$ cat entry_29.tsv   # TSV, C-alpha atoms and all ligand atoms
chain	number	residue	atom	x	y	z
A	1	MET	CA	52.63	94.25	41.15
A	2	LYS	CA	52.22	90.48	41.60
A	3	ARG	CA	51.21	89.05	44.95
A	4	ASN	CA	53.84	87.04	46.83
A	5	PRO	CA	52.83	83.52	45.67
A	6	HIS	CA	53.55	82.08	49.12
A	7	LEU	CA	50.62	84.05	50.54
A	8	SER	CA	48.18	81.95	48.54
A	9	LEU	CA	49.41	78.84	50.38
A	10	LEU	CA	47.94	80.08	53.66
A	11	GLN	CA	44.39	79.28	54.70
A	12	PRO	CA	42.24	82.34	53.85
A	13	GLN	CA	41.73	83.09	57.55
A	14	TYR	CA	43.89	82.46	60.53
A	15	LEU	CA	42.13	80.27	63.12
A	16	PHE	CA	41.14	82.89	65.68
A	17	PRO	CA	39.54	85.38	63.25
A	18	GLN	CA	37.46	82.43	62.03
A	19	ILE	CA	36.32	81.72	65.61
A	20	GLN	CA	35.50	85.42	66.08
A	21	GLN	CA	33.41	85.34	62.93
A	22	ARG	CA	31.38	82.34	64.14
A	23	LYS	CA	30.84	84.12	67.46
A	24	ARG	CA	29.68	87.30	65.66
A	25	GLU	CA	27.30	85.30	63.46
A	26	PHE	CA	25.85	83.53	66.52
A	27	LEU	CA	25.32	86.84	68.35
A	28	GLU	CA	23.71	88.39	65.26
A	29	ARG	CA	21.24	85.49	65.12
A	30	ASN	CA	20.52	85.35	68.88
A	31	GLY	CA	21.00	88.86	70.21
A	32	PRO	CA	23.11	89.53	73.30
A	33	VAL	CA	24.17	86.26	74.96
A	34	ASP	CA	26.73	85.99	77.75
A	35	LEU	CA	29.43	83.83	76.18
A	36	ILE	CA	32.46	82.62	78.14
A	37	SER	CA	35.70	82.47	76.20
A	38	LEU	CA	37.78	79.35	76.68
A	39	GLY	CA	39.13	79.85	73.17
A	40	ILE	CA	42.13	82.03	72.45
A	41	GLY	CA	45.12	81.40	74.72
A	42	ASP	CA	45.37	84.91	76.08
A	43	THR	CA	46.06	85.72	79.73
A	44	THR	CA	43.32	87.48	81.72
A	45	GLU	CA	44.77	88.27	85.16
A	46	PRO	CA	46.65	91.51	85.93
A	47	ILE	CA	50.44	91.73	85.96
A	48	PRO	CA	51.85	91.76	89.54
A	49	ASN	CA	52.44	95.23	91.04
A	50	ALA	CA	56.20	94.85	91.49
A	51	VAL	CA	56.53	94.16	87.76
A	52	VAL	CA	54.25	97.02	86.71
A	53	ASN	CA	56.12	99.40	89.04
A	54	GLY	CA	59.39	98.45	87.33
A	55	MET	CA	57.88	99.29	83.96
A	56	VAL	CA	56.43	102.59	85.25
A	57	ALA	CA	59.87	103.57	86.59
A	58	ALA	CA	61.42	102.68	83.20
A	59	ALA	CA	58.83	104.80	81.40
A	60	GLU	CA	59.52	107.73	83.76
A	61	ARG	CA	63.25	107.49	83.05
A	62	LEU	CA	62.37	108.22	79.42
A	63	ALA	CA	60.84	111.57	80.49
A	64	GLN	CA	64.15	112.95	81.85
A	65	LYS	CA	67.00	114.21	79.70
A	66	GLU	CA	69.58	112.67	82.07
A	67	THR	CA	68.07	109.18	82.02
A	68	TYR	CA	66.51	109.02	78.54
A	69	THR	CA	67.76	106.13	76.36
A	70	GLY	CA	67.00	105.33	72.73
A	71	TYR	CA	67.90	102.15	70.85
A	72	GLY	CA	69.33	99.58	73.24
A	73	ALA	CA	71.74	96.68	72.88
A	74	GLU	CA	70.56	94.68	69.86
A	75	GLN	CA	70.65	91.34	71.66
A	76	GLY	CA	68.82	92.75	74.69
A	77	GLN	CA	69.92	94.35	77.94
A	78	GLU	CA	72.81	92.46	79.51
A	79	PRO	CA	71.30	92.35	83.04
A	80	LEU	CA	68.15	90.73	81.62
A	81	ARG	CA	70.11	88.18	79.58
A	82	LYS	CA	72.18	87.30	82.65
A	83	MET	CA	69.05	86.87	84.76
A	84	ILE	CA	67.37	84.64	82.16
A	85	ALA	CA	70.54	82.51	82.06
A	86	GLU	CA	70.79	82.25	85.85
A	87	VAL	CA	67.17	82.15	87.02
A	88	LEU	CA	65.50	80.22	84.20
A	89	TYR	CA	68.39	78.10	82.91
A	90	HIS	CA	70.34	77.74	86.19
A	91	GLY	CA	73.56	78.58	84.37
A	92	ARG	CA	73.10	75.88	81.69
A	93	VAL	CA	72.99	78.56	79.01
A	94	ASN	CA	75.55	81.32	78.40
A	95	PRO	CA	74.01	84.85	78.46
A	96	LYS	CA	75.82	85.44	75.14
A	97	ALA	CA	73.57	82.80	73.56
A	98	ILE	CA	70.38	84.64	74.60
A	99	PHE	CA	68.68	87.06	72.20
A	100	VAL	CA	65.86	89.06	73.80
A	101	SER	CA	62.93	89.64	71.48
A	102	ASP	CA	59.44	91.08	71.19
A	103	GLY	CA	57.93	87.62	71.68
A	104	ALA	CA	58.26	83.99	70.71
A	105	LYS	CA	55.83	84.21	67.79
A	106	CYS	CA	57.86	86.98	66.17
A	107	ASP	CA	61.08	84.98	66.62
A	108	ILE	CA	59.50	81.81	65.23
A	109	GLY	CA	58.53	83.82	62.14
A	110	ARG	CA	62.09	85.10	61.73
A	111	LEU	CA	63.97	81.87	62.56
A	112	GLN	CA	63.21	80.26	59.22
A	113	LEU	CA	65.43	82.92	57.60
A	114	LEU	CA	68.42	81.00	58.98
A	115	PHE	CA	67.69	77.99	56.81
A	116	GLY	CA	65.98	79.24	53.65
A	117	PRO	CA	63.12	77.80	51.62
A	118	SER	CA	64.82	74.52	50.71
A	119	ALA	CA	64.87	73.31	54.34
A	120	LYS	CA	62.82	70.18	54.89
A	121	ILE	CA	60.82	70.66	58.07
A	122	ALA	CA	58.90	68.38	60.42
A	123	LEU	CA	56.03	69.52	62.62
A	124	GLN	CA	54.10	67.86	65.40
A	125	ASP	CA	50.49	67.43	64.32
A	126	PRO	CA	48.56	69.14	65.93
A	127	ALA	CA	50.82	72.17	66.33
A	128	TYR	CA	50.82	75.90	67.04
A	129	PRO	CA	49.91	77.22	63.54
A	130	VAL	CA	52.79	79.70	63.24
A	131	TYR	CA	55.38	76.94	62.67
A	132	ARG	CA	53.63	75.90	59.45
A	133	ASP	CA	52.34	79.27	58.28
A	134	GLY	CA	55.61	81.08	59.07
A	135	SER	CA	57.49	78.43	57.06
A	136	LEU	CA	55.07	78.62	54.12
A	137	LEU	CA	55.53	82.38	54.02
A	138	GLN	CA	59.29	81.88	53.66
A	139	GLY	CA	58.72	79.56	50.71
A	140	VAL	CA	59.25	76.24	52.49
A	141	SER	CA	57.40	73.50	50.63
A	142	ASN	CA	58.75	70.26	52.11
A	143	ILE	CA	56.76	69.75	55.32
A	144	THR	CA	56.35	66.42	57.14
A	145	TYR	CA	53.58	66.12	59.74
A	146	LEU	CA	54.20	63.91	62.77
A	147	PRO	CA	50.90	62.75	64.28
A	148	CYS	CA	50.65	63.12	68.07
A	149	THR	CA	47.74	61.15	69.48
A	150	PRO	CA	46.65	59.53	72.75
A	151	GLU	CA	47.89	56.23	71.28
A	152	ASN	CA	51.52	57.45	71.11
A	153	ASP	CA	51.27	59.54	74.30
A	154	PHE	CA	51.47	62.62	72.06
A	155	PHE	CA	55.12	61.86	71.24
A	156	PRO	CA	55.54	61.30	67.51
A	157	ASP	CA	57.20	58.51	65.59
A	158	LEU	CA	60.42	60.37	64.82
A	159	SER	CA	61.44	57.92	62.09
A	160	LEU	CA	58.94	59.72	59.82
A	161	ALA	CA	61.25	62.76	60.01
A	162	ALA	CA	64.57	61.05	59.28
A	163	HIS	CA	64.92	62.94	55.98
A	164	CYS	CA	64.13	66.36	57.51
A	165	ASP	CA	66.52	69.20	58.39
A	166	LEU	CA	64.47	70.98	61.03
A	167	LEU	CA	62.25	69.57	63.76
A	168	TYR	CA	59.80	71.97	65.38
A	169	PHE	CA	58.89	70.74	68.84
A	170	CYS	CA	56.78	72.38	71.55
A	171	SER	CA	56.67	71.24	75.19
A	172	PRO	CA	54.47	71.74	77.13
A	173	ASN	CA	52.51	71.57	73.97
A	174	ASN	CA	50.02	73.96	72.49
A	175	PRO	CA	47.35	72.75	71.79
A	176	THR	CA	47.47	69.33	73.52
A	177	GLY	CA	48.75	70.64	76.86
A	178	VAL	CA	51.02	67.59	77.15
A	179	ALA	CA	54.62	67.97	78.40
A	180	ALA	CA	57.28	65.64	76.97
A	181	THR	CA	59.12	63.45	79.49
A	182	ARG	CA	62.89	63.42	79.95
A	183	THR	CA	63.13	60.06	78.17
A	184	GLN	CA	61.18	61.39	75.19
A	185	LEU	CA	63.37	64.48	74.95
A	186	GLU	CA	66.50	62.34	75.19
A	187	GLU	CA	65.14	60.38	72.25
A	188	LEU	CA	64.48	63.62	70.34
A	189	VAL	CA	67.99	64.99	70.92
A	190	ALA	CA	69.64	61.64	70.08
A	191	PHE	CA	67.58	61.46	66.88
A	192	ALA	CA	68.54	65.00	65.82
A	193	ARG	CA	72.22	64.31	66.55
A	194	GLU	CA	72.16	61.07	64.59
A	195	ASN	CA	70.47	62.66	61.59
A	196	GLN	CA	72.32	66.01	61.83
A	197	GLN	CA	69.14	67.97	62.25
A	198	ILE	CA	68.26	71.12	64.15
A	199	ILE	CA	65.47	71.23	66.71
A	200	LEU	CA	63.46	74.45	67.10
A	201	PHE	CA	62.20	73.96	70.63
A	202	ASP	CA	59.36	76.14	71.92
A	203	THR	CA	59.05	76.46	75.71
A	204	ALA	CA	56.43	79.24	75.91
A	205	TYR	CA	54.62	77.22	78.63
A	206	ALA	CA	57.64	75.79	80.50
A	207	ALA	CA	56.78	77.70	83.69
A	208	TYR	CA	53.65	75.54	84.03
A	209	ILE	CA	55.78	72.43	84.60
A	210	GLN	CA	55.74	71.82	88.34
A	211	ASP	CA	57.39	68.41	88.36
A	212	SER	CA	61.20	68.49	88.52
A	213	ALA	CA	61.36	65.17	86.63
A	214	ILE	CA	60.01	66.90	83.50
A	215	PRO	CA	62.51	69.14	81.69
A	216	ARG	CA	61.63	72.82	81.34
A	217	SER	CA	64.27	73.32	78.68
A	218	ILE	CA	65.79	71.21	75.92
A	219	TYR	CA	69.21	72.18	77.34
A	220	GLU	CA	68.50	69.92	80.32
A	221	ILE	CA	69.27	67.12	77.88
A	222	GLU	CA	72.94	66.39	77.30
A	223	GLY	CA	74.16	67.26	73.83
A	224	ALA	CA	71.19	69.54	73.02
A	225	GLU	CA	73.45	72.61	72.78
A	226	GLU	CA	74.82	71.19	69.52
A	227	VAL	CA	71.43	70.57	67.90
A	228	ALA	CA	68.80	72.87	69.41
A	229	ILE	CA	67.57	76.44	69.29
A	230	GLU	CA	65.07	77.30	72.03
A	231	THR	CA	62.43	80.02	71.82
A	232	SER	CA	60.48	81.20	74.83
A	233	SER	CA	58.38	84.01	76.18
A	234	PHE	CA	57.29	86.10	79.14
A	235	SER	CA	53.72	86.09	77.78
A	236	LYS	CA	52.38	83.14	79.76
A	237	ILE	CA	54.84	83.50	82.67
A	238	ALA	CA	53.76	86.97	83.69
A	239	GLY	CA	50.78	88.04	81.57
A	240	PHE	CA	53.04	89.82	79.05
A	241	THR	CA	50.90	88.92	76.01
A	242	GLY	CA	50.32	92.64	75.42
A	243	VAL	CA	53.62	93.93	76.84
A	244	ARG	CA	55.59	91.74	74.36
A	245	LEU	CA	58.82	90.15	75.56
A	246	GLY	CA	60.47	86.84	74.71
A	247	TRP	CA	63.87	85.39	73.91
A	248	THR	CA	65.63	82.85	71.75
A	249	VAL	CA	68.68	80.81	72.75
A	250	VAL	CA	71.16	80.09	69.97
A	251	PRO	CA	74.14	78.30	71.54
A	252	GLU	CA	77.54	79.26	70.17
A	253	THR	CA	78.24	75.53	69.70
A	254	LEU	CA	75.43	75.20	67.13
A	255	LYS	CA	76.78	74.92	63.56
A	256	TYR	CA	75.55	74.47	59.99
A	257	GLU	CA	76.81	71.39	58.14
A	258	ASP	CA	79.76	73.43	56.78
A	259	GLY	CA	80.81	74.37	60.32
A	260	HIS	CA	79.63	78.01	60.13
A	261	PRO	CA	78.21	79.14	63.51
A	262	ILE	CA	74.46	79.74	63.49
A	263	HIS	CA	74.82	82.21	66.37
A	264	SER	CA	76.57	84.84	64.22
A	265	ASP	CA	73.92	84.54	61.48
A	266	TRP	CA	71.09	84.94	64.00
A	267	ASN	CA	72.85	88.03	65.31
A	268	ARG	CA	73.11	89.35	61.73
A	269	ILE	CA	69.43	88.60	60.98
A	270	THR	CA	68.03	90.13	64.17
A	271	SER	CA	70.21	93.24	63.89
A	272	THR	CA	69.09	93.64	60.26
A	273	ILE	CA	65.32	93.30	60.61
A	274	PHE	CA	64.67	93.81	64.34
A	275	ASN	CA	65.75	96.73	66.48
A	276	GLY	CA	65.53	95.15	69.93
A	277	ALA	CA	62.74	94.66	72.44
A	278	SER	CA	61.08	97.64	74.14
A	279	ASN	CA	63.20	98.99	76.99
A	280	ILE	CA	60.06	99.28	79.15
A	281	ALA	CA	59.19	95.63	78.54
A	282	GLN	CA	62.77	94.58	79.37
A	283	ALA	CA	62.58	96.50	82.67
A	284	GLY	CA	59.42	94.47	83.39
A	285	GLY	CA	61.22	91.23	82.51
A	286	ILE	CA	63.98	92.03	85.01
A	287	GLU	CA	61.35	92.57	87.75
A	288	VAL	CA	59.68	89.23	86.89
A	289	LEU	CA	62.95	87.42	87.50
A	290	LYS	CA	63.70	89.04	90.88
A	291	PRO	CA	62.62	86.97	93.94
A	292	GLU	CA	59.53	89.12	94.64
A	293	GLY	CA	58.43	89.03	91.01
A	294	LEU	CA	59.01	85.28	90.77
A	295	ALA	CA	56.89	84.66	93.87
A	296	GLU	CA	54.06	86.77	92.39
A	297	VAL	CA	54.08	85.19	88.94
A	298	GLN	CA	54.22	81.76	90.55
A	299	LYS	CA	50.84	82.57	92.12
A	300	LEU	CA	49.45	83.48	88.70
A	301	ILE	CA	50.69	80.22	87.20
A	302	HIS	CA	49.26	78.28	90.12
A	303	PHE	CA	45.92	80.04	89.60
A	304	TYR	CA	45.73	79.10	85.89
A	305	ARG	CA	46.83	75.52	86.66
A	306	GLU	CA	43.96	75.21	89.13
A	307	ASN	CA	41.58	76.52	86.47
A	308	ALA	CA	42.83	73.80	84.12
A	309	HIS	CA	42.32	71.21	86.84
A	310	LEU	CA	38.69	72.31	87.34
A	311	LEU	CA	37.99	72.13	83.61
A	312	ARG	CA	39.57	68.69	83.37
A	313	GLU	CA	37.46	67.40	86.26
A	314	ALA	CA	34.20	68.81	84.88
A	315	LEU	CA	34.75	67.18	81.47
A	316	GLN	CA	35.92	63.87	82.94
A	317	LYS	CA	32.76	63.68	85.09
A	318	GLN	CA	30.80	63.82	81.83
A	319	GLY	CA	32.73	60.83	80.51
A	320	ILE	CA	34.97	62.84	78.19
A	321	SER	CA	38.60	61.76	77.73
A	322	VAL	CA	40.84	64.73	78.45
A	323	TYR	CA	44.58	65.23	78.01
A	324	GLY	CA	47.01	67.96	79.07
A	325	GLY	CA	45.96	70.62	81.55
A	326	VAL	CA	48.41	69.46	84.25
A	327	HIS	CA	51.71	71.07	83.19
A	328	ALA	CA	50.02	73.48	80.79
A	329	PRO	CA	47.10	75.91	80.71
A	330	TYR	CA	45.35	73.91	77.95
A	331	VAL	CA	42.94	71.01	78.17
A	332	TRP	CA	42.62	68.82	75.06
A	333	ALA	CA	39.21	67.17	75.09
A	334	HIS	CA	38.40	64.22	72.86
A	335	PHE	CA	35.08	64.06	70.99
A	336	PRO	CA	35.97	61.38	68.46
A	337	ASP	CA	32.46	61.01	67.03
A	338	ALA	CA	32.05	64.54	65.67
A	339	PRO	CA	34.18	66.88	63.55
A	340	SER	CA	35.89	69.50	65.73
A	341	TRP	CA	34.01	72.42	64.19
A	342	GLU	CA	30.72	70.65	64.99
A	343	THR	CA	31.75	70.19	68.63
A	344	PHE	CA	32.89	73.82	68.67
A	345	GLN	CA	29.48	74.91	67.33
A	346	TYR	CA	27.65	72.76	69.91
A	347	PHE	CA	29.66	74.32	72.75
A	348	LEU	CA	28.95	77.79	71.32
A	349	GLU	CA	25.22	77.38	70.69
A	350	LYS	CA	24.14	75.06	73.51
A	351	LEU	CA	26.67	75.77	76.27
A	352	HIS	CA	27.61	79.35	75.36
A	353	LEU	CA	31.27	78.40	75.73
A	354	ILE	CA	33.81	79.41	73.12
A	355	THR	CA	36.50	76.77	72.57
A	356	THR	CA	39.02	76.15	69.80
A	357	PRO	CA	38.42	73.34	67.29
A	358	GLY	CA	41.33	70.90	67.28
A	359	SER	CA	41.36	70.63	63.48
A	360	GLY	CA	42.56	74.26	63.38
A	361	PHE	CA	45.91	72.97	64.66
A	362	GLY	CA	46.32	70.24	62.05
A	363	SER	CA	44.44	67.25	60.67
A	364	THR	CA	45.38	65.05	63.66
A	365	GLY	CA	43.55	67.57	65.86
A	366	GLU	CA	40.28	66.51	64.23
A	367	GLY	CA	37.94	65.08	66.88
A	368	PHE	CA	39.34	67.28	69.66
A	369	ILE	CA	38.65	70.73	71.07
A	370	ARG	CA	41.04	72.85	73.12
A	371	LEU	CA	39.86	74.67	76.24
A	372	THR	CA	42.05	77.29	77.82
A	373	ALA	CA	42.44	77.91	81.54
A	374	PHE	CA	43.11	81.61	80.94
A	375	ASN	CA	40.04	83.13	82.55
A	376	SER	CA	38.76	84.40	85.89
A	377	ARG	CA	37.93	81.78	88.55
A	378	GLU	CA	34.31	82.93	88.42
A	379	ASN	CA	34.08	82.21	84.69
A	380	ILE	CA	35.83	78.86	85.05
A	381	ILE	CA	33.43	77.80	87.82
A	382	ARG	CA	30.48	78.96	85.71
A	383	SER	CA	31.84	77.00	82.74
A	384	CYS	CA	32.26	73.87	84.88
A	385	LYS	CA	28.67	74.18	86.12
A	386	ILE	CA	27.40	74.53	82.55
A	387	ILE	CA	29.37	71.43	81.52
A	388	ALA	CA	28.01	69.54	84.57
A	389	ASN	CA	24.41	70.53	83.83
A	390	ASN	CA	24.41	69.65	80.14
A	391	SER	CA	24.66	66.17	78.87
A	392	LEU	CA	27.29	66.04	76.16
A	393	SER	CA	25.89	62.69	75.08
A	394	SER	CA	24.66	63.99	71.73
A	395	LEU	CA	28.32	64.51	70.86
A	396	ILE	CA	29.18	60.93	71.77
A	397	LEU	CA	27.94	57.96	69.82
B	401	LIG	N1	54.63	79.56	71.26
B	401	LIG	C1	53.50	78.94	71.58
B	401	LIG	C2	53.47	77.46	71.63
B	401	LIG	C3	52.35	79.68	71.87
B	401	LIG	O1	51.22	79.05	72.18
B	401	LIG	C4	52.41	81.08	71.82
B	401	LIG	C5	51.23	81.91	72.11
B	401	LIG	O2	50.13	81.52	72.25
B	401	LIG	C6	53.59	81.68	71.46
B	401	LIG	C7	54.69	80.89	71.19
B	401	LIG	C8	53.67	83.16	71.31
B	401	LIG	O3	54.30	83.79	72.33
B	401	LIG	P1	54.51	85.34	72.32
B	401	LIG	O4	53.33	85.99	72.97
B	401	LIG	O5	55.78	85.53	73.08
B	401	LIG	O6	54.67	85.79	70.90
$ encode --input "entry_29.tsv" --output "structure tokens"
Amino acid sequence: MKRNPHLSLLQPQYLFPQIQQRKREFLERNGPVDLISLGIGDTTEPIPNAVVNGMVAAAERLAQKETYTGYGAEQGQEPLRKMIAEVLYHGRVNPKAIFVSDGAKCDIGRLQLLFGPSAKIALQDPAYPVYRDGSLLQGVSNITYLPCTPENDFFPDLSLAAHCDLLYFCSPNNPTGVAATRTQLEELVAFARENQQIILFDTAYAAYIQDSAIPRSIYEIEGAEEVAIETSSFSKIAGFTGVRLGWTVVPETLKYEDGHPIHSDWNRITSTIFNGASNIAQAGGIEVLKPEGLAEVQKLIHFYRENAHLLREALQKQGISVYGGVHAPYVWAHFPDAPSWETFQYFLEKLHLITTPGSGFGSTGEGFIRLTAFNSRENIIRSCKIIANNSLSSLIL
């Protein structure tokens, strides 16, 4: 049996296993050392009680013959889809356009099936690695990288992507932590309309936007429903990284060039290779979107935003240029004089802080590291003290 040739196009190791390996090697050399993880973007704080209680009640219903349910509606439970449409999209999106899933990453991996391997795609650089790797796995070979740097306010020169079919775009962005402005998103939608392209818009961190002038959804931009698919997630809203729940919006107005609706194909794809999100997770999602749940998760988001603020301040006091970390749980710190993996290694060995090297997100990420605000307040304060007490000058020319 021959190996799928597309597999050989992937880097031998996904970014986070590589970080784990460096951590293991360091601990093997130095014995037990208390390392603080500001690396992987995984939530640390418990899920609010009201939400957990909803999931417990859903699990208990499965224990009774009268209330047991098996496979659910393929597109997701209708009450959940209606709540997502009303609470998160304020009625801008029709519940029929919402497909509940087991998470945004899984949907991003499946979405490429809509367009096939000949699609020409454009990615922000740096970007969440799944856009590229998921596309490579599907046989996509025509990839254009759009550099996002401090010089262009992390909004790319779209003209580089004029020949592309699909534009992946993430706001607030992982890894830079920067949220696109309304004007930038208007430019993106106008560009896609002009060039008859489709935008795959990822809003996994939209809940961290606390400024009403910044759009939380691409559908806040007029005309986006004819050019954009949006993928999102409960992971970073409510600590559902392990529970697994997300959704994708495919408006019924979205068409291929021959006029065929994309919505019906996405329905066909998901009902063929996905059997619906867990009913327990969906019960949790419904609780998140009720007023009590929303108030609780808002506290969690506020907590992580404050963590990001503390990290930003600590780095800035050391003279480091930092970006993001205001409308996102990620801080993008600039160390232009050293390769990212070298800065990562310095933080690991000298500061005992685990970060993520920017180059792992694309070549434009070289010279940056990403720090995540997902940690306890105690660990964030400890990290800030370590940063304050160590000169980072050897990393700066
Ligand atoms: N999209 C972005 C930009 C992310 O950073 C992540 C997770 O880190 C995801 C999607 C994945 O979300 P989920 O947990 O729903 O698969």
$ residues_near_point --input "entry_29.tsv" --point "(63.3, 81.9, 76.1)" --cutoff "12 Å" --atoms "all atoms listed in the file" --output "ChimeraX atom specification"
/A:80-81,83-85,87-89,93,95,97-105,107-108,200-207,216-219,229-237,245-250,285
$ residues_around --input "entry_29.tsv" --residues "range 306-311 of chain A" --least-positions-apart "3" --cutoff "12 Å" --atoms "all atoms listed in the file" --output "PyMOL selection string"
chain A and resi 38+177+208+299-303+314-318+320-333+370-388
$ closest_atom_pairs --input "entry_29.tsv" --of "range 291-360 of chain A" --to "range 45-66 of chain A" --cutoff "10 Å" --atoms "only C-alpha atoms" --output "CSV"
residue,atom,partner,partner_atom,distance
A:Glu292,CA,A:Ala50,CA,7.3
A:Gly293,CA,A:Ala50,CA,6.3
A:Leu294,CA,A:Val51,CA,9.7
A:Ala295,CA,A:Pro48,CA,9.7
A:Glu296,CA,A:Pro48,CA,6.2
A:Val297,CA,A:Pro48,CA,7.0
A:Lys299,CA,A:Pro48,CA,9.6
A:Leu300,CA,A:Glu45,CA,7.6
A:Phe303,CA,A:Glu45,CA,9.4
A:Tyr304,CA,A:Glu45,CA,9.2
$ residues_near_point --input "entry_29.tsv" --point "(60.8, 96.0, 76.8)" --cutoff "9 Å" --atoms "only C-alpha atoms" --output "ChimeraX atom specification"
/A:55,76,101-102,243-245,276-285
$ atom_distance --input "entry_29.tsv" --atom1 "CA of Leu113 in chain A" --atom2 "CA of Ala224 in chain A"
21.2 Å
$ closest_residue --input "entry_29.tsv" --among "A:Cys148, A:Ile198, A:Ile40, A:Ile214" --to "Ala180 in chain A" --atoms "only C-alpha atoms"
A:Ile214
$ decode --input "entry_29.tsv" --residues "range 198-238 of chain A" --atoms "C-alpha atoms" --output "compact mmCIF listing (two decimals), in the first residue's frame"
# COMPACT_ATOMS: atom_id res chain seq x y z
CA ILE A 198 -14.83 32.98 -1.21
CA ILE A 199 -13.63 34.02 2.24
CA LEU A 200 -13.24 31.35 4.94
CA PHE A 201 -13.52 33.55 8.00
CA ASP A 202 -12.47 32.17 11.39
CA THR A 203 -13.93 33.90 14.46
CA ALA A 204 -12.81 31.45 17.18
CA TYR A 205 -11.75 34.46 19.32
CA ALA A 206 -14.57 36.90 18.46
CA ALA A 207 -15.87 36.92 22.04
CA TYR A 208 -12.66 38.68 23.11
CA ILE A 209 -13.60 41.77 21.08
CA GLN A 210 -14.95 44.27 23.59
CA ASP A 211 -15.15 47.29 21.31
CA SER A 212 -18.42 47.60 19.38
CA ALA A 213 -16.60 49.41 16.55
CA ILE A 214 -14.73 46.18 15.71
CA PRO A 215 -16.83 43.52 13.94
CA ARG A 216 -17.23 40.17 15.67
CA SER A 217 -18.47 38.53 12.50
CA ILE A 218 -17.82 38.97 8.79
CA TYR A 219 -21.62 39.18 8.35
CA GLU A 220 -21.52 42.61 10.00
CA ILE A 221 -20.14 43.73 6.64
CA GLU A 222 -22.71 44.33 3.92
CA GLY A 223 -22.55 41.85 1.08
CA ALA A 224 -20.51 39.26 3.04
CA GLU A 225 -23.36 36.72 2.89
CA GLU A 226 -22.62 36.29 -0.82
CA VAL A 227 -18.88 35.68 -0.42
CA ALA A 228 -18.13 34.34 3.07
CA ILE A 229 -18.30 31.17 5.11
CA GLU A 230 -17.68 31.71 8.83
CA THR A 231 -16.33 29.10 11.24
CA SER A 232 -16.40 29.55 14.98
CA SER A 233 -16.20 27.74 18.27
CA PHE A 234 -17.28 27.46 21.89
CA SER A 235 -13.72 26.46 22.84
CA LYS A 236 -12.42 29.90 23.80
CA ILE A 237 -15.84 31.34 24.74
CA ALA A 238 -16.58 28.87 27.49
